[in-house]
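As structure tokens, the structure follows; a few thoughts come after it.
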Amino acid sequence: MNTERTTSLGVTLTENKAQITVWAPKAESIICRTYQPNKDIVLSQQAYGYWFAEHEDIVAGQRYHFVVDGEALPDPVSRSQPEGVHGSSAVADLDFDWTDQDYQCPPLAEFIIYELHVGTFSPSHDFEGVIERLPYLKNLGITAIEIMPVAQFPGERNWGYDGTFLFAVQHAYGGARGLQRLVDACHREGLAVILDVVYNHFGPEGNYLEKYGPYLTEKYHTPWGKAVNYDDSWNHGVRDFVCENVRMWFRDFHVDALRLDAVHAIKDFSPSHILQDIRRTTDILMRETGQTHYLIAECDLNDKRFLEPLERNGFAIDAQWLDEFHHALRVAAGEEQKGYYKEFNGVEDLAKAYEQAYVFTGQYSTHRHKFFGSSADGIPGEKFIVFSQNHDQVGNRMLGERSSLLFTPELQRLMAMAVIVSPFIPLLFMGEEWGSRKPFYYFVSHTDPELITAVRRGRREEFSDFHGEGEVPDPQDVKTFRDSILDWTETAVAEHQRMLRYYQGLIALRKSNTVFQILKRENLHVFSDLQKDSLVLRFEYKKEMLICILNFSSCTQRYAIPEDQLWEKVWDTAERKWGGLSSAILTDRFADLPAQTGIIIQTRI
């Protein structure tokens with residue numbers, strides 16, 4: 001945000017005064033109408049479409065509307081919406097007694113990420129429920145939690161990507177104060193916090209932004225309709241809005257990183273792309289505070305410009321989700337080759353993902369009907385985040401099945417190893433670590449009948465070819481939400497306990513093994529064997545060598561190993577303590593692996 005235009009947005013409390021700032025470039029008059037006590041505060045027009053007033057009689061918790069040319073509306077940058085997306089806004093005091101002064105955010109290379117949805121992670125469906133489980137996550141070996149979006153959305157049940165008040169923390173989760181308590185508690189445990197934010201569209205219900213100004217543009221079409229206005233007339237107000245939102249999460253909530261949802265859907269041909277402005281905003285704040293903050297992108301363009309520095313006209317994103325690793329891994333494990341899995345070839349493409357990150361690096365894509373992708377040469381491993389499942393890959397299945405319902409325990413353990421031994425940043429989806437069998441459905445709680453009908457129809461049409469698999473769960477039905485809540489009693493069951501111990505041990509190995517601690521892609525050599533449906537990963541660092549063998553085939557396979565070394569088996573996915581039936585057999589010359597298992601062996605060069 002250009003500070004020459006404005007220094008704050010909405011109603012902010014500073015030294016017993018409230019500063020009130022609204023961007024409404026085409027308005028004729030704006031009043032801040034406060035309640036209890038009732039008072040109308042007239043805003044004066046400023047440059048660049050901003051309106052401003054300062055007042056001493058506004059206090060935290062006070063409800064208010066902005067009256068724009070006679071129409072009472074909630075504040076577009078409200079920090080609190082206690083009555084939901086259609087109700088009045090409330091003044092929020094974001095001052096907080098932080099106890100994290102000695103906390104230092106770890107380097108990205110040390111991140112082991114746990115993605116969670118606040119509403120379904122615990123029985124209380126709120127931030128306090130997450131706080132209660134932080135010791136569990138730390139004991140698991142997690143170093144960073146990633147929270148799905150918490151910007152105020154309609155009702156109390158939503159994935160969060162329908163948020164309409166980007167500055168207000170979902171009231172049902174605990175609001176702004178609840179999120180601050182969670183971040184502070186995470187930092188006490190040494191856990192970083194990544195927050196998912198959405199800047200590619202605004203949710204449909206409770207969206208009053210266009211009542212204030214041209215937040216959207218007809219120049220581009222997106223899956224959600226009109227695009228966010230980043231490069232059309234009056235775009236500066238929208239860019240200020242987004243950059244101040246970035247600043248707020250880092251400054252007022254001490255969030256360590258933002259995960260920027262689907263940046264490929266952002267349309268911006270400005271000389272300075274909005275992602276570059278977000279980068280500069282973050283860099284300025286880091287210089288001011290001395291704190292470290294990261295930007296992580298979801299992007300499916302295979303364009304390394306998103307990761308390249310500003311000096312090379314890149315967007316300087318710190319890391320991105322690597323969906324193609326997931327797709328290749330799932331096909332290697334037996335996922336049916338249909339939809340976007342159709343053009344992935346299992347171990348062959350998984351080998352390329354390990355070595356080159358992107359699978360499509362310029363070749364023809366039959367799914368997209370065009371030549372697609374670029375090389376990721378020179379981009380280090382900690383710039384990519386990999387997973388065997390996440391909220392999208394589970395929740396966008398018709399029946400919300402996790403890997404535990406689609407793959408054998410043997411394959412689940414093998415896929416976990418494939419992710420955690422990679423030269424990238426591993427991410428787990430909540431409950432994955434114990435093989436939770438609860439589904440994770442898509443759910444909403446809209447109040448607009450027409451929108452509810454449209455969502456139901458859209459979901460049915462999306463899965464019209466899957467009618468033989470049963471009915472599409474109703475996203476609006478509260479049962480769909482309740483069925484998605486994690487069942488923590490599963491962790492008391494022996495098979496789930498074994499899986500949990502497996503994940504704990506594997507994460508501990510990654511964190512303690514000196515070879516795994518060096519996330520340099522150039523230290524990795526990958527060999528794929530299509531006949532054996534297998535991969536051999538060889539890591540070398542100084543005088544140490546480590547070999548990982550992944551057997552995705554349905555039968556026992558023999559692999560030759562270097563004879564001039566003494567090898568020690570440091571990990572076996574088929575050990576009985578994990579529930580395996582027979583372990584790998586290691587001799588001086590060969591390693592014999594049972595079907596759908598993997599081992600790690602190590603020696604000194």
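Convention: chains lettered A, B, ... in structure tokens order; per-chain residue numbering from 1; ligands numbered from 1 as shown.
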List the neighbours of Tyr340 (chain A) out to 12 Å using only C-alpha atoms; skip same-chain residues closer than 4 positions along the sequence, and give me the result as a VMD selection string. chain A and resid 300 323 to 324 326 to 328 330 to 331 335 to 336 344 to 345 365 to 368 393
Residues of region 408-474 of chain A at most 10 Å from region 104-110 of chain A: nearest atom pair and distance in Å, only C-alpha atoms, as CSV:
residue,atom,partner,partner_atom,distance
A:Pro423,CA,A:Ala109,CA,9.3
A:Phe424,CA,A:Ala109,CA,7.9
A:Ile425,CA,A:Ala109,CA,6.6
A:Pro426,CA,A:Glu110,CA,9.7
Next, write the just-selected residues to a file, as a PDB file, in the first residue's frame, keeping all heavy atoms as the atom set.
ATOM      1  N   PRO A 423      13.566 -34.125  -1.272  1.00  0.00           N
ATOM      2  CA  PRO A 423      14.399 -32.938  -1.046  1.00  0.00           C
ATOM      3  C   PRO A 423      13.574 -31.654  -0.993  1.00  0.00           C
ATOM      4  O   PRO A 423      14.071 -30.566  -1.274  1.00  0.00           O
ATOM      5  CB  PRO A 423      15.332 -32.943  -2.254  1.00  0.00           C
ATOM      6  CG  PRO A 423      14.504 -33.531  -3.340  1.00  0.00           C
ATOM      7  CD  PRO A 423      13.642 -34.575  -2.675  1.00  0.00           C
ATOM      8  N   PHE A 424      12.299 -31.805  -0.652  1.00  0.00           N
ATOM      9  CA  PHE A 424      11.369 -30.686  -0.596  1.00  0.00           C
ATOM     10  C   PHE A 424      10.831 -30.539   0.835  1.00  0.00           C
ATOM     11  O   PHE A 424      11.250 -31.249   1.737  1.00  0.00           O
ATOM     12  CB  PHE A 424      10.231 -30.907  -1.594  1.00  0.00           C
ATOM     13  CG  PHE A 424      10.689 -31.251  -2.986  1.00  0.00           C
ATOM     14  CD1 PHE A 424      10.342 -32.455  -3.587  1.00  0.00           C
ATOM     15  CD2 PHE A 424      11.471 -30.361  -3.701  1.00  0.00           C
ATOM     16  CE1 PHE A 424      10.765 -32.774  -4.866  1.00  0.00           C
ATOM     17  CE2 PHE A 424      11.914 -30.665  -4.989  1.00  0.00           C
ATOM     18  CZ  PHE A 424      11.560 -31.876  -5.577  1.00  0.00           C
ATOM     19  N   ILE A 425       9.885 -29.633   1.025  1.00  0.00           N
ATOM     20  CA  ILE A 425       9.241 -29.448   2.323  1.00  0.00           C
ATOM     21  C   ILE A 425       8.017 -30.355   2.394  1.00  0.00           C
ATOM     22  O   ILE A 425       7.127 -30.246   1.550  1.00  0.00           O
ATOM     23  CB  ILE A 425       8.822 -27.982   2.522  1.00  0.00           C
ATOM     24  CG1 ILE A 425      10.044 -27.055   2.513  1.00  0.00           C
ATOM     25  CG2 ILE A 425       8.040 -27.816   3.829  1.00  0.00           C
ATOM     26  CD1 ILE A 425       9.686 -25.583   2.504  1.00  0.00           C
ATOM     27  N   PRO A 426       7.937 -31.245   3.375  1.00  0.00           N
ATOM     28  CA  PRO A 426       6.770 -32.140   3.456  1.00  0.00           C
ATOM     29  C   PRO A 426       5.582 -31.486   4.157  1.00  0.00           C
ATOM     30  O   PRO A 426       5.753 -30.695   5.089  1.00  0.00           O
ATOM     31  CB  PRO A 426       7.303 -33.316   4.280  1.00  0.00           C
ATOM     32  CG  PRO A 426       8.376 -32.721   5.139  1.00  0.00           C
ATOM     33  CD  PRO A 426       8.967 -31.586   4.357  1.00  0.00           C
TER      34      PRO A 426
END
Using only C-alpha atoms, which residues sit within 8 Å of Leu301 (chain A) once same-chain residues fewer than 4 positions away are excluded, as a VMD selection string? chain A and resid 264 372 to 373
Could you write out the selected residues, including all heavy atoms, as a CSV table (one decimal), in the first residue's frame?
chain,number,residue,atom,x,y,z
A,264,HIS,N,-2.5,-18.5,-9.7
A,264,HIS,CA,-2.6,-18.5,-11.2
A,264,HIS,C,-3.9,-17.9,-11.6
A,264,HIS,O,-4.1,-17.6,-12.8
A,264,HIS,CB,-2.5,-20.0,-11.6
A,264,HIS,CG,-3.4,-20.9,-10.9
A,264,HIS,ND1,-2.9,-21.6,-9.8
A,264,HIS,CD2,-4.7,-21.3,-11.0
A,264,HIS,CE1,-3.9,-22.4,-9.3
A,264,HIS,NE2,-5.0,-22.2,-10.0
A,372,PHE,N,3.4,-26.9,-22.2
A,372,PHE,CA,3.1,-26.4,-20.9
A,372,PHE,C,4.3,-26.5,-20.0
A,372,PHE,O,5.0,-27.6,-20.0
A,372,PHE,CB,1.9,-27.1,-20.2
A,372,PHE,CG,1.6,-26.7,-18.8
A,372,PHE,CD1,1.1,-25.5,-18.6
A,372,PHE,CD2,2.0,-27.5,-17.7
A,372,PHE,CE1,0.8,-25.0,-17.3
A,372,PHE,CE2,1.7,-27.1,-16.5
A,372,PHE,CZ,1.1,-25.8,-16.2
A,373,GLY,N,4.6,-25.5,-19.2
A,373,GLY,CA,5.6,-25.6,-18.1
A,373,GLY,C,7.0,-25.0,-18.5
A,373,GLY,O,7.3,-24.7,-19.7
I need the strand (DSSP E) residues of region 172-252 of chain A per DSSP on the backbone, written as a PyMOL selection string. chain A and resi 192-197+216-222+225-228
Each residue of region 91-160 of chain A with at least one atom at most 12 Å from region 433-450 of chain A should appear once, together with its nearest atom pair and the corresponding distance in Å (one decimal); atoms considered: only C-alpha atoms; ordering: chain, then increasing residue number; output as CSV.
residue,atom,partner,partner_atom,distance
A:Ile113,CA,A:Glu433,CA,12.0
A:Tyr114,CA,A:Glu433,CA,9.7
A:Glu115,CA,A:Glu433,CA,11.5
A:Leu116,CA,A:Phe440,CA,11.1
A:His117,CA,A:Phe440,CA,9.9
A:Gly119,CA,A:Phe443,CA,10.9
A:Thr120,CA,A:Phe440,CA,8.7
A:Phe121,CA,A:Phe440,CA,10.6
A:Tyr136,CA,A:Glu433,CA,11.5
A:Leu137,CA,A:Glu433,CA,10.3
A:Leu140,CA,A:Glu433,CA,8.6
A:Gly141,CA,A:Glu433,CA,10.9
A:Ile142,CA,A:Glu433,CA,10.9
A:Phe153,CA,A:His446,CA,8.8
A:Pro154,CA,A:His446,CA,5.5
A:Gly155,CA,A:Ser445,CA,5.1
A:Glu156,CA,A:Ser445,CA,6.4
A:Arg157,CA,A:Ser445,CA,5.2
A:Asn158,CA,A:Val444,CA,4.4
A:Trp159,CA,A:Phe443,CA,6.7
A:Gly160,CA,A:Val444,CA,9.0
Nearest to Ser374 (chain A) by atom-to-atom distance, counting only C-alpha atoms, from A:Ser403, A:Gln517, A:Asn302, A:Gln389: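 Using only C-alpha atoms, Ser374 (chain A) sits closest to A:Asn302.
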So, with only C-alpha atoms as the atoms that count, which of A:Arg181, A:Arg589, A:Ala494, A:Gly203 lies closest to Asp564 (chain A)? A:Arg589
Give me, as a VMD selection string, all polymer residues having an atom no more than 12 Å from Asp97 (chain A), counting only C-alpha atoms and skipping those fewer than 4 positions away in the same chain. chain A and resid 93 101 177 180 to 181 183 to 185 252 to 254
Just all heavy atoms for this one: save the residues we selected as a short mmCIF file (atom, residue, chain, number, x, y, z; two decimals), in the first residue's frame.
data_model
loop_
_atom_site.label_atom_id
_atom_site.label_comp_id
_atom_site.auth_asym_id
_atom_site.auth_seq_id
_atom_site.Cartn_x
_atom_site.Cartn_y
_atom_site.Cartn_z
N ASP A 93 -10.05 -4.11 19.03
CA ASP A 93 -8.75 -3.67 19.52
C ASP A 93 -7.78 -4.83 19.30
O ASP A 93 -7.88 -5.87 19.95
CB ASP A 93 -8.86 -3.32 21.01
CG ASP A 93 -7.54 -2.81 21.57
OD1 ASP A 93 -6.56 -2.73 20.80
OD2 ASP A 93 -7.49 -2.49 22.78
N GLN A 101 8.26 -12.86 22.39
CA GLN A 101 9.37 -11.97 22.06
C GLN A 101 10.66 -12.72 21.73
O GLN A 101 11.48 -12.23 20.95
CB GLN A 101 9.63 -11.00 23.23
CG GLN A 101 8.54 -9.98 23.47
CD GLN A 101 7.34 -10.53 24.23
OE1 GLN A 101 7.38 -11.66 24.72
NE2 GLN A 101 6.28 -9.73 24.34
N ARG A 177 -9.15 -12.20 18.71
CA ARG A 177 -8.44 -12.53 19.94
C ARG A 177 -8.12 -14.02 20.01
O ARG A 177 -7.05 -14.42 20.47
CB ARG A 177 -9.27 -12.11 21.16
CG ARG A 177 -8.50 -12.12 22.47
CD ARG A 177 -7.37 -11.09 22.48
NE ARG A 177 -7.85 -9.74 22.71
CZ ARG A 177 -7.40 -8.66 22.06
NH1 ARG A 177 -6.48 -8.79 21.13
NH2 ARG A 177 -7.87 -7.46 22.34
N GLN A 180 -5.10 -14.67 17.81
CA GLN A 180 -3.88 -14.18 18.47
C GLN A 180 -3.42 -15.15 19.56
O GLN A 180 -2.23 -15.43 19.69
CB GLN A 180 -4.13 -12.79 19.04
CG GLN A 180 -4.23 -11.71 17.97
CD GLN A 180 -4.65 -10.36 18.54
OE1 GLN A 180 -5.48 -10.27 19.46
NE2 GLN A 180 -4.08 -9.29 18.00
N ARG A 181 -4.36 -15.66 20.33
CA ARG A 181 -3.99 -16.62 21.38
C ARG A 181 -3.38 -17.89 20.77
O ARG A 181 -2.43 -18.45 21.31
CB ARG A 181 -5.22 -16.99 22.23
CG ARG A 181 -5.61 -15.92 23.25
CD ARG A 181 -6.56 -16.49 24.30
NE ARG A 181 -7.83 -16.92 23.73
CZ ARG A 181 -8.91 -16.15 23.65
NH1 ARG A 181 -8.87 -14.90 24.10
NH2 ARG A 181 -10.03 -16.60 23.12
N VAL A 183 -1.75 -18.19 17.82
CA VAL A 183 -0.41 -17.93 17.31
C VAL A 183 0.58 -17.81 18.45
O VAL A 183 1.69 -18.37 18.39
CB VAL A 183 -0.40 -16.66 16.44
CG1 VAL A 183 1.02 -16.32 15.99
CG2 VAL A 183 -1.31 -16.82 15.22
N ASP A 184 0.20 -17.11 19.51
CA ASP A 184 1.09 -16.97 20.66
C ASP A 184 1.40 -18.33 21.28
O ASP A 184 2.54 -18.62 21.64
CB ASP A 184 0.43 -16.05 21.69
CG ASP A 184 1.43 -15.43 22.66
OD1 ASP A 184 2.51 -15.00 22.21
OD2 ASP A 184 1.14 -15.38 23.87
N ALA A 185 0.38 -19.19 21.39
CA ALA A 185 0.58 -20.53 21.94
C ALA A 185 1.48 -21.37 21.03
O ALA A 185 2.33 -22.13 21.51
CB ALA A 185 -0.77 -21.22 22.14
N ASP A 252 -0.19 -7.63 13.23
CA ASP A 252 -1.13 -7.68 14.35
C ASP A 252 -1.41 -9.09 14.85
O ASP A 252 -1.89 -9.26 15.98
CB ASP A 252 -2.45 -7.02 13.95
CG ASP A 252 -2.27 -5.55 13.57
OD1 ASP A 252 -1.39 -4.91 14.15
OD2 ASP A 252 -3.00 -5.08 12.68
N PHE A 253 -1.11 -10.11 14.04
CA PHE A 253 -1.37 -11.49 14.43
C PHE A 253 -0.09 -12.34 14.50
O PHE A 253 -0.17 -13.51 14.86
CB PHE A 253 -2.38 -12.13 13.46
CG PHE A 253 -3.76 -11.55 13.58
CD1 PHE A 253 -4.13 -10.46 12.82
CD2 PHE A 253 -4.68 -12.07 14.48
CE1 PHE A 253 -5.40 -9.89 12.93
CE2 PHE A 253 -5.95 -11.52 14.61
CZ PHE A 253 -6.31 -10.44 13.84
N HIS A 254 1.04 -11.75 14.18
CA HIS A 254 2.34 -12.43 14.28
C HIS A 254 2.39 -13.72 13.46
O HIS A 254 3.16 -14.64 13.78
CB HIS A 254 2.70 -12.70 15.73
CG HIS A 254 3.03 -11.48 16.51
ND1 HIS A 254 3.79 -11.49 17.66
CD2 HIS A 254 2.71 -10.16 16.31
CE1 HIS A 254 3.92 -10.26 18.14
NE2 HIS A 254 3.26 -9.44 17.33
#
Within 9 Å of region 19-33 of chain A, which residues of region 229-251 of chain A show up? Give each one with its shortest atom-to-atom distance in Å (one decimal) and the two atoms involved, counting only C-alpha atoms, rows by chain then rising residue number, as a Markdown table.
| residue | atom | partner | partner_atom | distance |
| --- | --- | --- | --- | --- |
| A:Trp234 | CA | A:Pro25 | CA | 7.9 |
| A:Gly237 | CA | A:Trp23 | CA | 6.5 |
| A:Val238 | CA | A:Trp23 | CA | 8.9 |
| A:Phe241 | CA | A:Trp23 | CA | 8.9 |
At a cut-off of 8 Å, using only C-alpha atoms, what residues contact His86 (chain A)? Leave out same-chain residues fewer than 3 positions from it and give the result as a PyMOL selection string. chain A and resi 74+83+206
Write the residues of the selection above to a file with all heavy atoms, as a tab-separated table (two decimals), in the first residue's frame.
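selection_19.tsv, written as the output of this step:
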chain	number	residue	atom	x	y	z
A	74	PRO	N	-21.92	-2.82	6.12
A	74	PRO	CA	-20.80	-3.20	6.98
A	74	PRO	C	-19.49	-2.69	6.39
A	74	PRO	O	-19.38	-2.44	5.18
A	74	PRO	CB	-20.86	-4.73	7.01
A	74	PRO	CG	-21.63	-5.11	5.79
A	74	PRO	CD	-22.57	-3.99	5.49
A	83	GLU	N	-22.16	-10.51	14.07
A	83	GLU	CA	-23.49	-10.89	13.60
A	83	GLU	C	-23.44	-11.55	12.24
A	83	GLU	O	-24.47	-11.74	11.59
A	83	GLU	CB	-24.40	-9.65	13.56
A	83	GLU	CG	-24.59	-8.99	14.91
A	83	GLU	CD	-25.31	-7.66	14.81
A	83	GLU	OE1	-25.42	-7.13	13.67
A	83	GLU	OE2	-25.75	-7.13	15.84
A	206	GLY	N	-22.62	-11.92	1.23
A	206	GLY	CA	-22.12	-10.91	2.15
A	206	GLY	C	-21.05	-10.05	1.51
A	206	GLY	O	-20.32	-9.34	2.21
Can you tell me, as an MDAnalysis selection string, what residues are no more than 9 Å from Leu258 (chain A) when counting only C-alpha atoms, ignoring any on the same chain fewer than 3 positions away? chainID A and resid 146 193:197 246 249:250 255 293:297
Using DSSP on the backbone, list every residue of region 236-475 of chain A that comes out as helix (DSSP H, G or I), and give them as a ChimeraX atom specification. /A:236-253,263-265,274-289,304-306,310-312,323-332,339-341,347-356,381-383,391-395,403-406,409-420,432-434,449-462,464-469
Can you write out the residues you just picked, keeping C-alpha atoms, as an mmCIF file, in the first residue's frame?
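Result file follows (out31.cif):
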data_model
loop_
_atom_site.group_PDB
_atom_site.id
_atom_site.type_symbol
_atom_site.label_atom_id
_atom_site.label_comp_id
_atom_site.auth_asym_id
_atom_site.auth_seq_id
_atom_site.Cartn_x
_atom_site.Cartn_y
_atom_site.Cartn_z
ATOM 1 C CA HIS A 236 -4.915 1.397 -6.511
ATOM 2 C CA GLY A 237 -7.618 1.129 -3.832
ATOM 3 C CA VAL A 238 -7.863 -2.637 -4.314
ATOM 4 C CA ARG A 239 -4.082 -3.037 -4.198
ATOM 5 C CA ASP A 240 -3.936 -0.949 -1.014
ATOM 6 C CA PHE A 241 -6.663 -3.176 0.447
ATOM 7 C CA VAL A 242 -4.731 -6.394 -0.242
ATOM 8 C CA CYS A 243 -1.314 -5.107 0.845
ATOM 9 C CA GLU A 244 -2.721 -3.763 4.106
ATOM 10 C CA ASN A 245 -4.349 -7.148 4.688
ATOM 11 C CA VAL A 246 -0.939 -8.817 4.286
ATOM 12 C CA ARG A 247 0.575 -6.329 6.688
ATOM 13 C CA MET A 248 -2.197 -6.891 9.245
ATOM 14 C CA TRP A 249 -1.706 -10.683 9.438
ATOM 15 C CA PHE A 250 2.026 -10.300 9.949
ATOM 16 C CA ARG A 251 1.979 -7.223 12.195
ATOM 17 C CA ASP A 252 -1.130 -7.679 14.353
ATOM 18 C CA PHE A 253 -1.368 -11.492 14.433
ATOM 19 C CA VAL A 263 -2.300 -17.247 -7.587
ATOM 20 C CA HIS A 264 -2.619 -18.514 -11.162
ATOM 21 C CA ALA A 265 -6.181 -17.127 -11.060
ATOM 22 C CA ILE A 274 0.213 -7.449 -7.169
ATOM 23 C CA LEU A 275 2.365 -10.377 -6.010
ATOM 24 C CA GLN A 276 5.428 -8.157 -6.370
ATOM 25 C CA ASP A 277 3.695 -5.472 -4.301
ATOM 26 C CA ILE A 278 2.883 -8.094 -1.657
ATOM 27 C CA ARG A 279 6.564 -9.122 -1.661
ATOM 28 C CA ARG A 280 7.723 -5.521 -1.211
ATOM 29 C CA THR A 281 5.156 -4.925 1.527
ATOM 30 C CA THR A 282 6.426 -7.996 3.364
ATOM 31 C CA ASP A 283 10.077 -7.008 2.924
ATOM 32 C CA ILE A 284 9.485 -3.509 4.287
ATOM 33 C CA LEU A 285 7.680 -4.886 7.328
ATOM 34 C CA MET A 286 10.474 -7.399 7.995
ATOM 35 C CA ARG A 287 13.058 -4.611 7.924
ATOM 36 C CA GLU A 288 10.937 -2.601 10.362
ATOM 37 C CA THR A 289 10.322 -5.431 12.840
ATOM 38 C CA LYS A 304 9.546 -20.406 -12.088
ATOM 39 C CA ARG A 305 9.076 -16.642 -12.447
ATOM 40 C CA PHE A 306 6.850 -16.904 -9.380
ATOM 41 C CA LEU A 310 12.356 -9.178 -7.840
ATOM 42 C CA GLU A 311 15.685 -8.194 -9.388
ATOM 43 C CA ARG A 312 14.929 -10.587 -12.272
ATOM 44 C CA ASP A 323 0.798 -30.581 -7.121
ATOM 45 C CA GLU A 324 2.574 -32.550 -9.843
ATOM 46 C CA PHE A 325 4.604 -34.472 -7.262
ATOM 47 C CA HIS A 326 1.291 -35.468 -5.667
ATOM 48 C CA HIS A 327 -0.249 -36.527 -8.990
ATOM 49 C CA ALA A 328 2.743 -38.657 -9.997
ATOM 50 C CA LEU A 329 2.938 -40.234 -6.533
ATOM 51 C CA ARG A 330 -0.747 -41.155 -6.496
ATOM 52 C CA VAL A 331 -0.562 -42.742 -9.938
ATOM 53 C CA ALA A 332 2.553 -44.663 -8.876
ATOM 54 C CA GLY A 339 -9.105 -36.425 -14.892
ATOM 55 C CA TYR A 340 -5.887 -34.561 -14.173
ATOM 56 C CA TYR A 341 -4.198 -37.864 -13.263
ATOM 57 C CA VAL A 347 7.262 -43.882 -11.205
ATOM 58 C CA GLU A 348 8.631 -42.347 -14.401
ATOM 59 C CA ASP A 349 7.069 -38.961 -13.674
ATOM 60 C CA LEU A 350 7.671 -39.283 -9.942
ATOM 61 C CA ALA A 351 11.377 -39.659 -10.693
ATOM 62 C CA LYS A 352 11.241 -36.444 -12.732
ATOM 63 C CA ALA A 353 9.410 -34.651 -9.908
ATOM 64 C CA TYR A 354 12.127 -35.655 -7.452
ATOM 65 C CA GLU A 355 14.874 -34.402 -9.750
ATOM 66 C CA GLN A 356 13.252 -31.430 -11.521
ATOM 67 C CA GLY A 381 14.366 -27.808 -2.820
ATOM 68 C CA GLU A 382 13.011 -25.710 0.050
ATOM 69 C CA LYS A 383 11.091 -23.689 -2.548
ATOM 70 C CA HIS A 391 -7.644 -30.498 1.725
ATOM 71 C CA ASP A 392 -8.145 -30.096 -2.043
ATOM 72 C CA GLN A 393 -7.136 -33.600 -3.055
ATOM 73 C CA VAL A 394 -9.348 -35.167 -0.376
ATOM 74 C CA GLY A 395 -12.265 -32.748 -0.257
ATOM 75 C CA SER A 403 -5.806 -42.233 1.465
ATOM 76 C CA SER A 404 -6.747 -44.598 4.286
ATOM 77 C CA LEU A 405 -9.889 -45.571 2.353
ATOM 78 C CA LEU A 406 -8.184 -45.781 -1.038
ATOM 79 C CA PRO A 409 -1.644 -49.553 4.947
ATOM 80 C CA GLU A 410 1.481 -50.710 3.085
ATOM 81 C CA LEU A 411 0.958 -48.134 0.352
ATOM 82 C CA GLN A 412 0.066 -45.430 2.882
ATOM 83 C CA ARG A 413 3.389 -45.994 4.632
ATOM 84 C CA LEU A 414 5.236 -46.042 1.322
ATOM 85 C CA MET A 415 3.638 -42.780 0.169
ATOM 86 C CA ALA A 416 4.451 -41.150 3.491
ATOM 87 C CA MET A 417 8.080 -42.176 3.070
ATOM 88 C CA ALA A 418 8.112 -40.839 -0.499
ATOM 89 C CA VAL A 419 7.026 -37.427 0.789
ATOM 90 C CA ILE A 420 9.139 -37.202 3.917
ATOM 91 C CA GLU A 432 -3.265 -38.457 7.862
ATOM 92 C CA GLU A 433 -0.642 -39.398 10.442
ATOM 93 C CA TRP A 434 -2.858 -41.981 12.101
ATOM 94 C CA PRO A 449 -31.523 -19.844 -0.971
ATOM 95 C CA GLU A 450 -30.492 -19.183 -4.585
ATOM 96 C CA LEU A 451 -26.822 -19.558 -3.740
ATOM 97 C CA ILE A 452 -27.481 -22.784 -1.830
ATOM 98 C CA THR A 453 -29.302 -24.179 -4.864
ATOM 99 C CA ALA A 454 -26.449 -23.123 -7.149
ATOM 100 C CA VAL A 455 -23.807 -24.745 -4.930
ATOM 101 C CA ARG A 456 -25.763 -28.008 -4.746
ATOM 102 C CA ARG A 457 -26.303 -28.032 -8.495
ATOM 103 C CA GLY A 458 -22.665 -27.240 -9.216
ATOM 104 C CA ARG A 459 -21.477 -30.038 -6.953
ATOM 105 C CA ARG A 460 -23.811 -32.562 -8.625
ATOM 106 C CA GLU A 461 -22.729 -31.453 -12.106
ATOM 107 C CA GLU A 462 -19.059 -31.724 -11.146
ATOM 108 C CA SER A 464 -22.210 -36.240 -12.943
ATOM 109 C CA ASP A 465 -20.017 -39.034 -14.336
ATOM 110 C CA PHE A 466 -19.776 -40.710 -10.932
ATOM 111 C CA HIS A 467 -23.455 -41.496 -10.345
ATOM 112 C CA GLY A 468 -22.620 -45.162 -9.842
ATOM 113 C CA GLU A 469 -20.654 -44.299 -6.712
#
Kindly give the distance, in Å, that separates CA of Lys338 (chain A) and CA of Leu399 (chain A), rounded to a single decimal.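 Spanning CA of Lys338 (chain A) to CA of Leu399 (chain A) is a straight-line distance of 16.4 Å.
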For Asp232 (chain A), which of A:Val536, A:Gly213, A:Pro380, A:Asp268 is the closest residue, counting only C-alpha atoms?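 Going through A:Val536, A:Gly213, A:Pro380, A:Asp268 one by one, the smallest distance to Asp232 (chain A) is for A:Asp268.
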All residues 12 Å or closer to Ser124 (chain A), only C-alpha atoms, same chain fewer than 2 positions away omitted, as an NGL selection string: :A and (118-122 or 126-133 or 172-174 or 482 or 485-486)
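Here CA of Lys569 (chain A) and CA of Phe552 (chain A) stand 19.0 Å from one another.
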